[in-house]
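Single-structure report; data block below.
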Amino acid sequence: MLLDLRAYLPGDILAKVDRATMAVALEAREPFLDQRIVEFSCGLPLRFKYRDGVSKHILRKILYKYVPARLLERPKQGFALPVNEWFRDSLRELYLEQFAQNKIRREGLFRPEKISALLKQYLRYNNVNAGKLWLLFVFEMWRERWM
């Protein structure tokens, strides 16, 4: 819990929520981060937090009184952006521009034929490590800006 409070929440989740809400002039609240609730939950014995492999046991027991279980027993959805769809559709030209063979060859850091093959597979919806392509793209954008 301490690691979440000091690193994960401020460095990841809360920063994402803050950026997303500010982008649309919306103010968000995180009621479970009220200091009194955090202190109380940190002091609870583990048996109230986890039971039979299920997390947030005490919170779920309370919520089940007011919220139907079908709404609570769903898989997590997270904050993932549809980056893959964007780069295959509306931002496709940006990918093509950043991964142009002559540009990659001129920079001399990567093998243009490898990147070209990866990009072609990606754009054809083949099973490609899109994360690798994303990292290369971000690096190319960074390099263009700062080098």
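We label chains A, B, ... in the order they appear in the structure tokens, count residues from 1 in each chain, and number ligands from 1 in the order shown.
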
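The residues of stretch 21-109 of chain A that DSSP classifies as strand (DSSP E or B), using the backbone of this structure, are Tyr50, Arg51, Val54 and Ser55 of chain A.
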
Emit the selected residues as a PDB file, in the first residue's frame, including N, CA and C atoms.
ATOM      1  N   TYR A  50      -8.261  -8.825   2.054  1.00  0.00           N
ATOM      2  CA  TYR A  50      -8.263  -9.985   1.163  1.00  0.00           C
ATOM      3  C   TYR A  50      -8.936 -11.157   1.860  1.00  0.00           C
ATOM      4  N   ARG A  51      -9.802 -11.837   1.123  1.00  0.00           N
ATOM      5  CA  ARG A  51     -10.405 -13.056   1.656  1.00  0.00           C
ATOM      6  C   ARG A  51     -10.712 -13.974   0.483  1.00  0.00           C
ATOM      7  N   VAL A  54      -9.831 -12.779  -2.974  1.00  0.00           N
ATOM      8  CA  VAL A  54     -10.545 -11.613  -3.507  1.00  0.00           C
ATOM      9  C   VAL A  54     -10.101 -10.372  -2.742  1.00  0.00           C
ATOM     10  N   SER A  55      -9.699  -9.349  -3.487  1.00  0.00           N
ATOM     11  CA  SER A  55      -9.238  -8.114  -2.848  1.00  0.00           C
ATOM     12  C   SER A  55     -10.416  -7.219  -2.458  1.00  0.00           C
TER      13      SER A  55
END

Go ahead and compute the interatomic distance for atom CA of A:Val38 and atom CA of A:Ile58, in Å to one decimal.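 About the pair atom CA of A:Val38 and atom CA of A:Ile58: they are 14.0 Å apart.
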
I'd like the neighbourhood of A:Leu94 as a ChimeraX atom specification, where a residue qualifies if any of its atoms comes within 12 Å (using only C-alpha atoms), though same-chain residues fewer than 4 positions away should be ignored. /A:86-90,98-100,134,137-138,140-141

Which neighbours of A:Lys120 fall inside 12 Å, counting only C-alpha atoms, when residues of the same chain fewer than 5 positions from it are skipped, and could you give them as a list in words?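 The residues satisfying every condition are Arg88, Arg92, Tyr95, Leu96, Phe99, Ala100, Glu113, Lys114, Ile115, Tyr125, Asn126, Asn127, Val128, Ala130 and Leu133 of chain A.
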
Hey, can you check how far atom CA of A:Ser116 sits from atom CA of A:Leu91? 16.9 Å

Among A:Ala15, A:Met1, A:Ala28, A:Ala20, A:Leu81 is approached most closely, using only C-alpha atoms, by A:Ala20

Would you mind reading off the distance between atom CA of A:Leu71 and atom CA of A:Arg29, one decimal, in Å?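 Atom CA of A:Arg29 lies 20.7 Å from atom CA of A:Leu71.
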
Report the residues of chain A whose backbone DSSP state falls under alpha helix (DSSP H), written as a PDB file with C-alpha atoms, in the first residue's frame.
ATOM      1  CA  LEU A   2       2.865   2.341   0.789  1.00  0.00           C
ATOM      2  CA  LEU A   3       4.409   1.751  -2.628  1.00  0.00           C
ATOM      3  CA  LEU A  14      -3.525  10.140 -10.658  1.00  0.00           C
ATOM      4  CA  ALA A  15      -1.399  11.863 -13.306  1.00  0.00           C
ATOM      5  CA  LYS A  16      -3.430  10.176 -16.065  1.00  0.00           C
ATOM      6  CA  VAL A  17      -6.738  11.085 -14.442  1.00  0.00           C
ATOM      7  CA  ASP A  18      -5.549  14.665 -13.976  1.00  0.00           C
ATOM      8  CA  ARG A  19      -4.472  15.058 -17.618  1.00  0.00           C
ATOM      9  CA  ALA A  20      -7.599  13.396 -18.975  1.00  0.00           C
ATOM     10  CA  THR A  21      -9.981  15.498 -16.899  1.00  0.00           C
ATOM     11  CA  MET A  22      -8.123  18.773 -17.486  1.00  0.00           C
ATOM     12  CA  ALA A  23      -8.254  18.126 -21.240  1.00  0.00           C
ATOM     13  CA  GLN A  35      -6.529  11.043   4.433  1.00  0.00           C
ATOM     14  CA  ARG A  36      -8.833   9.539   7.052  1.00  0.00           C
ATOM     15  CA  ILE A  37      -9.885   6.694   4.750  1.00  0.00           C
ATOM     16  CA  VAL A  38      -6.303   5.995   3.703  1.00  0.00           C
ATOM     17  CA  GLU A  39      -5.110   5.920   7.315  1.00  0.00           C
ATOM     18  CA  PHE A  40      -8.020   3.697   8.338  1.00  0.00           C
ATOM     19  CA  SER A  41      -7.504   1.237   5.479  1.00  0.00           C
ATOM     20  CA  CYS A  42      -3.740   1.072   6.047  1.00  0.00           C
ATOM     21  CA  GLY A  43      -4.412   0.081   9.647  1.00  0.00           C
ATOM     22  CA  LEU A  46      -5.166  -8.145   6.066  1.00  0.00           C
ATOM     23  CA  ARG A  47      -8.222 -10.397   6.574  1.00  0.00           C
ATOM     24  CA  PHE A  48     -10.465  -7.375   5.900  1.00  0.00           C
ATOM     25  CA  LYS A  49      -8.620  -6.516   2.700  1.00  0.00           C
ATOM     26  CA  HIS A  57     -13.190  -7.636   0.820  1.00  0.00           C
ATOM     27  CA  ILE A  58     -14.684  -5.168   3.286  1.00  0.00           C
ATOM     28  CA  LEU A  59     -15.390  -2.587   0.582  1.00  0.00           C
ATOM     29  CA  ARG A  60     -17.173  -5.180  -1.552  1.00  0.00           C
ATOM     30  CA  LYS A  61     -19.321  -6.314   1.388  1.00  0.00           C
ATOM     31  CA  ILE A  62     -20.489  -2.759   1.925  1.00  0.00           C
ATOM     32  CA  LEU A  63     -21.034  -2.058  -1.772  1.00  0.00           C
ATOM     33  CA  ALA A  69     -23.043  -7.574  -7.914  1.00  0.00           C
ATOM     34  CA  ARG A  70     -23.095  -7.740 -11.735  1.00  0.00           C
ATOM     35  CA  LEU A  71     -21.819  -4.153 -11.812  1.00  0.00           C
ATOM     36  CA  LEU A  72     -19.023  -4.869  -9.362  1.00  0.00           C
ATOM     37  CA  VAL A  83      -3.206   3.943 -30.186  1.00  0.00           C
ATOM     38  CA  ASN A  84      -3.203   0.944 -32.519  1.00  0.00           C
ATOM     39  CA  GLU A  85      -6.433   2.028 -34.184  1.00  0.00           C
ATOM     40  CA  TRP A  86      -5.215   5.616 -34.505  1.00  0.00           C
ATOM     41  CA  PHE A  87      -1.966   4.635 -36.198  1.00  0.00           C
ATOM     42  CA  ARG A  88      -3.721   2.308 -38.596  1.00  0.00           C
ATOM     43  CA  ARG A  92      -1.286   6.367 -40.308  1.00  0.00           C
ATOM     44  CA  GLU A  93       0.589   9.019 -42.317  1.00  0.00           C
ATOM     45  CA  LEU A  94       2.518  10.037 -39.203  1.00  0.00           C
ATOM     46  CA  TYR A  95       3.778   6.469 -38.744  1.00  0.00           C
ATOM     47  CA  LEU A  96       4.696   6.230 -42.420  1.00  0.00           C
ATOM     48  CA  GLU A  97       6.564   9.543 -42.220  1.00  0.00           C
ATOM     49  CA  GLN A  98       8.547   8.599 -39.106  1.00  0.00           C
ATOM     50  CA  GLN A 101      13.211   3.993 -45.179  1.00  0.00           C
ATOM     51  CA  ASN A 102      15.331   6.911 -46.432  1.00  0.00           C
ATOM     52  CA  LYS A 103      14.908   8.720 -43.085  1.00  0.00           C
ATOM     53  CA  ILE A 104      15.822   5.617 -41.056  1.00  0.00           C
ATOM     54  CA  ARG A 105      18.790   4.897 -43.353  1.00  0.00           C
ATOM     55  CA  ARG A 106      20.044   8.503 -43.089  1.00  0.00           C
ATOM     56  CA  GLU A 107      19.940   8.403 -39.283  1.00  0.00           C
ATOM     57  CA  PRO A 112      15.460   0.251 -42.428  1.00  0.00           C
ATOM     58  CA  GLU A 113      14.411  -3.082 -43.939  1.00  0.00           C
ATOM     59  CA  LYS A 114      13.567  -4.478 -40.471  1.00  0.00           C
ATOM     60  CA  ILE A 115      11.492  -1.453 -39.508  1.00  0.00           C
ATOM     61  CA  SER A 116       9.792  -1.430 -42.905  1.00  0.00           C
ATOM     62  CA  ALA A 117       8.857  -5.111 -42.566  1.00  0.00           C
ATOM     63  CA  LEU A 118       7.549  -4.563 -39.036  1.00  0.00           C
ATOM     64  CA  LEU A 119       5.482  -1.579 -40.170  1.00  0.00           C
ATOM     65  CA  LYS A 120       4.004  -3.464 -43.146  1.00  0.00           C
ATOM     66  CA  GLN A 121       2.967  -6.361 -40.897  1.00  0.00           C
ATOM     67  CA  TYR A 122       1.461  -3.942 -38.394  1.00  0.00           C
ATOM     68  CA  LEU A 123      -0.560  -2.075 -41.024  1.00  0.00           C
ATOM     69  CA  ALA A 130       2.869  -3.057 -31.611  1.00  0.00           C
ATOM     70  CA  GLY A 131       4.664  -1.997 -28.416  1.00  0.00           C
ATOM     71  CA  LYS A 132       8.023  -2.298 -30.154  1.00  0.00           C
ATOM     72  CA  LEU A 133       6.788  -0.136 -33.024  1.00  0.00           C
ATOM     73  CA  TRP A 134       5.367   2.398 -30.569  1.00  0.00           C
ATOM     74  CA  LEU A 135       8.712   2.662 -28.745  1.00  0.00           C
ATOM     75  CA  LEU A 136      10.543   3.167 -32.031  1.00  0.00           C
ATOM     76  CA  PHE A 137       8.013   5.824 -33.007  1.00  0.00           C
ATOM     77  CA  VAL A 138       8.383   7.705 -29.716  1.00  0.00           C
ATOM     78  CA  PHE A 139      12.160   7.515 -30.023  1.00  0.00           C
ATOM     79  CA  GLU A 140      12.035   8.877 -33.573  1.00  0.00           C
ATOM     80  CA  MET A 141       9.790  11.751 -32.480  1.00  0.00           C
ATOM     81  CA  TRP A 142      12.124  12.502 -29.563  1.00  0.00           C
ATOM     82  CA  ARG A 143      15.181  12.335 -31.780  1.00  0.00           C
ATOM     83  CA  GLU A 144      13.595  14.655 -34.325  1.00  0.00           C
ATOM     84  CA  ARG A 145      12.746  17.171 -31.622  1.00  0.00           C
ATOM     85  CA  TRP A 146      15.981  17.126 -29.607  1.00  0.00           C
TER      86      TRP A 146
END
